[in-house]
Amino acid sequence: YGDHRDLHSFPTRRLPIYDIKVPRKMVTEGMLSEAQLEQVIYAGAAHSEMLPGLAADEPARRKGYYIGDGTGGGKTREIAGIIADNWAQGRKKHILISKDKKLIKGARRDFDNVGMKGVQIEDLGKTKAAGQIKKDYQGVQFSTYSTLGTTPKGDAKSRVEQLVDW
């Protein structure tokens with residue numbers, strides 16, 4: 001605003017250097033907006049990094065990414081784009097957590113609309129509480145927060161433990 005502050009003293013934003021791999025038509029046909037595509041790039045850059053375990057004997061874990069956009073911002077569509085990129089990078093196990101079980105239908109629609117029709121979306125709530133997810137399953141496990149918080153009976157594993165084992 002015309003004052004004499006030194007612009008070099010402001011922190012700079014580090015932009016990711018990341019080789020995004022989504023279907024070309026996702027970009028050329030506008031299946032994702034520029035703002036949504038930006039989220040895919042930032043998420044892909046994060047997912048390409050590994051974090052060390054908290055203890056010496058714990059394995060490294062893939063870095064996560066959080067999208068906190070408000071209602072109607074296209075989060076599920078962004079997630080479909082993120083999963084498309086991860087899928088092309090060889091990462092084929094994904095977890096989609098939502099507030100409402102009814103949103104699984106919207107997720108399927110958004111995945112189809114960005115060219116991800118072949119990706120399976122399974123409802124974790126339909127997996128038996130004492131069961132386990134098939135280790136070789138590749139796709140998306142959809143869960144609500146309430147399903148994740150379900151307390152197992154007896155020696156059964158929690159839903160979070162089921163996902164970690166998967």
# chains A, B, ... in the order shown; residues from 1 in each chain; ligands from 1

call {"tool": "select_by_dssp", "arguments": {"residues": "range 32-86 of chain A", "states": "helix (DSSP H, G or I)", "output": "ChimeraX atom specification"}}
result
/A:34-47,75-86

call {"tool": "residues_around", "arguments": {"residues": "range 43-51 of chain A", "least_positions_apart": "6", "cutoff": "12 Å", "atoms": "only C-alpha atoms", "output": "short mmCIF file (atom, residue, chain, number, x, y, z; two decimals) with N, CA and C atoms, in the first residue's frame"}}
result
data_model
loop_
_atom_site.label_atom_id
_atom_site.label_comp_id
_atom_site.auth_asym_id
_atom_site.auth_seq_id
_atom_site.Cartn_x
_atom_site.Cartn_y
_atom_site.Cartn_z
N ARG A 14 6.38 -21.82 -0.33
CA ARG A 14 7.14 -22.81 -1.08
C ARG A 14 6.18 -23.58 -1.99
N LEU A 15 6.40 -23.50 -3.27
CA LEU A 15 5.55 -24.20 -4.22
C LEU A 15 6.09 -25.61 -4.43
N PRO A 16 5.19 -26.57 -4.56
CA PRO A 16 5.67 -27.95 -4.74
C PRO A 16 6.24 -28.18 -6.13
N ILE A 17 7.22 -29.03 -6.18
CA ILE A 17 7.74 -29.52 -7.44
C ILE A 17 7.23 -30.96 -7.51
N TYR A 18 6.28 -31.19 -8.39
CA TYR A 18 5.60 -32.47 -8.38
C TYR A 18 5.15 -32.81 -9.80
N ASP A 19 5.35 -34.05 -10.19
CA ASP A 19 4.97 -34.54 -11.51
C ASP A 19 3.58 -35.19 -11.40
N ILE A 20 2.55 -34.40 -11.63
CA ILE A 20 1.17 -34.89 -11.53
C ILE A 20 0.89 -35.86 -12.68
N LYS A 21 0.14 -36.92 -12.38
CA LYS A 21 -0.20 -37.91 -13.39
C LYS A 21 -1.70 -38.18 -13.34
N VAL A 22 -2.44 -37.32 -13.99
CA VAL A 22 -3.88 -37.53 -14.12
C VAL A 22 -4.18 -37.67 -15.60
N GLN A 36 -9.33 -26.72 -7.97
CA GLN A 36 -9.36 -28.14 -7.60
C GLN A 36 -8.08 -28.83 -8.04
N LEU A 37 -7.61 -28.52 -9.21
CA LEU A 37 -6.37 -29.11 -9.72
C LEU A 37 -5.18 -28.72 -8.84
N GLU A 58 9.27 -48.36 14.41
CA GLU A 58 8.06 -48.14 13.61
C GLU A 58 8.42 -47.83 12.17
N PRO A 59 7.62 -48.34 11.23
CA PRO A 59 7.91 -48.07 9.81
C PRO A 59 7.57 -46.63 9.44
N ALA A 60 8.14 -46.20 8.34
CA ALA A 60 7.82 -44.87 7.81
C ALA A 60 6.37 -44.88 7.33
N ARG A 61 5.75 -43.73 7.36
CA ARG A 61 4.36 -43.59 6.94
C ARG A 61 4.27 -42.53 5.85
N ARG A 62 3.32 -42.72 4.95
CA ARG A 62 3.11 -41.74 3.90
C ARG A 62 2.51 -40.47 4.49
N LYS A 63 2.99 -39.34 4.02
CA LYS A 63 2.47 -38.05 4.49
C LYS A 63 1.05 -37.87 3.97
N GLY A 64 0.19 -37.30 4.80
CA GLY A 64 -1.20 -37.08 4.43
C GLY A 64 -1.44 -35.66 3.94
N TYR A 65 -2.68 -35.40 3.61
CA TYR A 65 -3.08 -34.08 3.14
C TYR A 65 -4.52 -33.86 3.56
N TYR A 66 -4.81 -32.68 4.07
CA TYR A 66 -6.15 -32.37 4.57
C TYR A 66 -6.78 -31.28 3.71
N ILE A 67 -8.02 -31.50 3.31
CA ILE A 67 -8.77 -30.49 2.57
C ILE A 67 -9.87 -29.99 3.51
N GLU A 78 -12.31 -33.04 -5.82
CA GLU A 78 -10.86 -32.90 -5.60
C GLU A 78 -10.27 -34.24 -5.16
N ILE A 79 -10.97 -34.91 -4.26
CA ILE A 79 -10.50 -36.21 -3.77
C ILE A 79 -10.43 -37.22 -4.92
N ALA A 80 -11.42 -37.20 -5.80
CA ALA A 80 -11.40 -38.09 -6.96
C ALA A 80 -10.16 -37.80 -7.82
N GLY A 81 -9.85 -36.52 -8.00
CA GLY A 81 -8.64 -36.15 -8.75
C GLY A 81 -7.38 -36.59 -8.04
N ILE A 82 -7.35 -36.45 -6.72
CA ILE A 82 -6.19 -36.87 -5.92
C ILE A 82 -6.00 -38.38 -6.05
N ILE A 83 -7.10 -39.11 -5.97
CA ILE A 83 -7.00 -40.57 -6.08
C ILE A 83 -6.60 -40.97 -7.50
N ALA A 84 -7.08 -40.24 -8.51
CA ALA A 84 -6.66 -40.52 -9.90
C ALA A 84 -5.15 -40.38 -10.03
N ASP A 85 -4.61 -39.32 -9.45
CA ASP A 85 -3.16 -39.11 -9.50
C ASP A 85 -2.43 -40.20 -8.73
N ASN A 86 -2.87 -40.50 -7.53
CA ASN A 86 -2.24 -41.55 -6.73
C ASN A 86 -2.31 -42.90 -7.44
N TRP A 87 -3.44 -43.17 -8.08
CA TRP A 87 -3.63 -44.43 -8.80
C TRP A 87 -2.57 -44.56 -9.90
N ALA A 88 -2.38 -43.47 -10.66
CA ALA A 88 -1.38 -43.48 -11.73
C ALA A 88 0.04 -43.57 -11.18
N GLN A 89 0.24 -43.14 -9.94
CA GLN A 89 1.56 -43.21 -9.30
C GLN A 89 1.80 -44.60 -8.69
N GLY A 90 0.78 -45.49 -8.75
CA GLY A 90 0.94 -46.85 -8.24
C GLY A 90 0.39 -47.05 -6.84
N ARG A 91 -0.21 -46.03 -6.24
CA ARG A 91 -0.80 -46.14 -4.90
C ARG A 91 -2.30 -46.41 -5.07
N HIS A 94 -7.05 -46.50 -0.87
CA HIS A 94 -7.45 -45.16 -0.42
C HIS A 94 -8.59 -45.25 0.59
#

call {"tool": "residues_around", "arguments": {"residues": "Arg108 in chain A", "least_positions_apart": "2", "cutoff": "10 Å", "atoms": "only C-alpha atoms", "output": "list of chain:residue names"}}
result
A:Thr76, A:Arg77, A:Ala80, A:Leu103, A:Ile104, A:Lys105, A:Gly106, A:Asp110, A:Phe111, A:Asp112, A:Asn113, A:Met116, A:Lys117, A:Val119, A:Gln120, A:Ile121

call {"tool": "write_last_selection", "arguments": {"atoms": "C-alpha atoms", "output": "PDB file, in the first residue's frame"}}
result
ATOM      1  CA  THR A  76     -15.204 -34.991  -3.270  1.00  0.00           C
ATOM      2  CA  ARG A  77     -14.304 -34.035  -6.831  1.00  0.00           C
ATOM      3  CA  ALA A  80     -11.396 -38.095  -6.961  1.00  0.00           C
ATOM      4  CA  LEU A 103     -22.459 -39.124   0.426  1.00  0.00           C
ATOM      5  CA  ILE A 104     -21.118 -42.397  -0.976  1.00  0.00           C
ATOM      6  CA  LYS A 105     -23.522 -41.943  -3.914  1.00  0.00           C
ATOM      7  CA  GLY A 106     -22.145 -38.462  -4.567  1.00  0.00           C
ATOM      8  CA  ASP A 110     -17.881 -37.466  -8.818  1.00  0.00           C
ATOM      9  CA  PHE A 111     -15.423 -40.313  -9.442  1.00  0.00           C
ATOM     10  CA  ASP A 112     -17.320 -41.211 -12.632  1.00  0.00           C
ATOM     11  CA  ASN A 113     -17.398 -37.553 -13.739  1.00  0.00           C
ATOM     12  CA  MET A 116     -12.454 -42.807 -12.492  1.00  0.00           C
ATOM     13  CA  LYS A 117     -15.324 -45.189 -13.302  1.00  0.00           C
ATOM     14  CA  VAL A 119     -12.219 -47.515  -9.219  1.00  0.00           C
ATOM     15  CA  GLN A 120     -14.251 -49.487  -6.697  1.00  0.00           C
ATOM     16  CA  ILE A 121     -15.712 -47.701  -3.687  1.00  0.00           C
TER      17      ILE A 121
END

call {"tool": "residues_around", "arguments": {"residues": "Gly125 in chain A", "least_positions_apart": "5", "cutoff": "9 Å", "atoms": "only C-alpha atoms", "output": "list in words"}}
result
Lys101, Phe142, Ser143, Thr144, Thr147, Leu148 and Arg159 of chain A

call {"tool": "closest_residue", "arguments": {"among": "A:Leu32, A:Arg109, A:Thr150, A:Lys128", "to": "Gly74 in chain A", "atoms": "only C-alpha atoms"}}
result
A:Leu32

call {"tool": "closest_residue", "arguments": {"among": "A:Gly115, A:Gly131, A:Gly53, A:Gly73", "to": "Met31 in chain A", "atoms": "only C-alpha atoms"}}
result
A:Gly115

call {"tool": "closest_residue", "arguments": {"among": "A:Lys93, A:Glu34, A:Asp57, A:Leu124", "to": "Val140 in chain A", "atoms": "only C-alpha atoms"}}
result
A:Lys93

call {"tool": "atom_distance", "arguments": {"atom1": "CA of Tyr137 in chain A", "atom2": "CA of Leu163 in chain A"}}
result
11.5 Å

call {"tool": "atom_distance", "arguments": {"atom1": "CA of Val27 in chain A", "atom2": "CA of Ala107 in chain A"}}
result
19.3 Å

call {"tool": "atom_distance", "arguments": {"atom1": "CA of Lys157 in chain A", "atom2": "CA of Ala129 in chain A"}}
result
7.6 Å
